[in-house]
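Undergrad: First the structure, then my questions, so here it is.
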Amino acid sequence: MDTNAELRQLKEKHGLKGRDIAQLLGKPLNSSNGYSNRTVDHWLDGSRACPAMAIELLRLKLGDGG
């Protein structure tokens, strides 16, 4: 499975929003509790490849061994 598909699977399995993923990965939130960096959105829509290290970090933080 490619990393973008893994990210979408983790998002669905854990009921996460893009904002939650960004926060778990250390992306800063803006004043309206959203995030302005569209990196996570690009990973989710498949227009950019999600790095394997991001998946590994999410799995560790979510306690999801796969």
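Order determines the names: the first chain of the structure tokens is A, the second B, and so forth; residues in each chain are numbered 1 upward, and ligands are numbered 1 upward as they are shown.
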So that I can check the surroundings of range 59-64 of chain A, please list as a list in words every protein, DNA and RNA residue that reaches within 12 Å of it, counting only C-alpha atoms and ignoring chain neighbours fewer than 5 positions away.
TA: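 That gives Glu6, Leu7, Gln9, Leu10, Lys11, Lys13, His14, Gly15, Leu16, Asp20, Ile21, Gln23, Leu24, Leu25, Gly26, Ala52, Met53 and Ala54 of chain A.
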Undergrad: So what do you get for CA of Asp2 in chain A versus CA of Tyr35 in chain A, distance-wise?
TA: 24.5 Å
Undergrad: Quick one: DSSP alpha helix (DSSP H) residues in range 27-59 of chain A, as a list in words?
TA: Thr39, Val40, Asp41, His42, Trp43, Leu44, Asp45, Ala52, Met53, Ala54, Ile55, Glu56, Leu57, Leu58 and Arg59 of chain A
Undergrad: So the first atom is CA of Thr3 in chain A and the second is CA of Asn33 in chain A; what is the distance between them in Å, to one decimal place?
TA: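 CA of Thr3 in chain A sits 26.1 Å away from CA of Asn33 in chain A.
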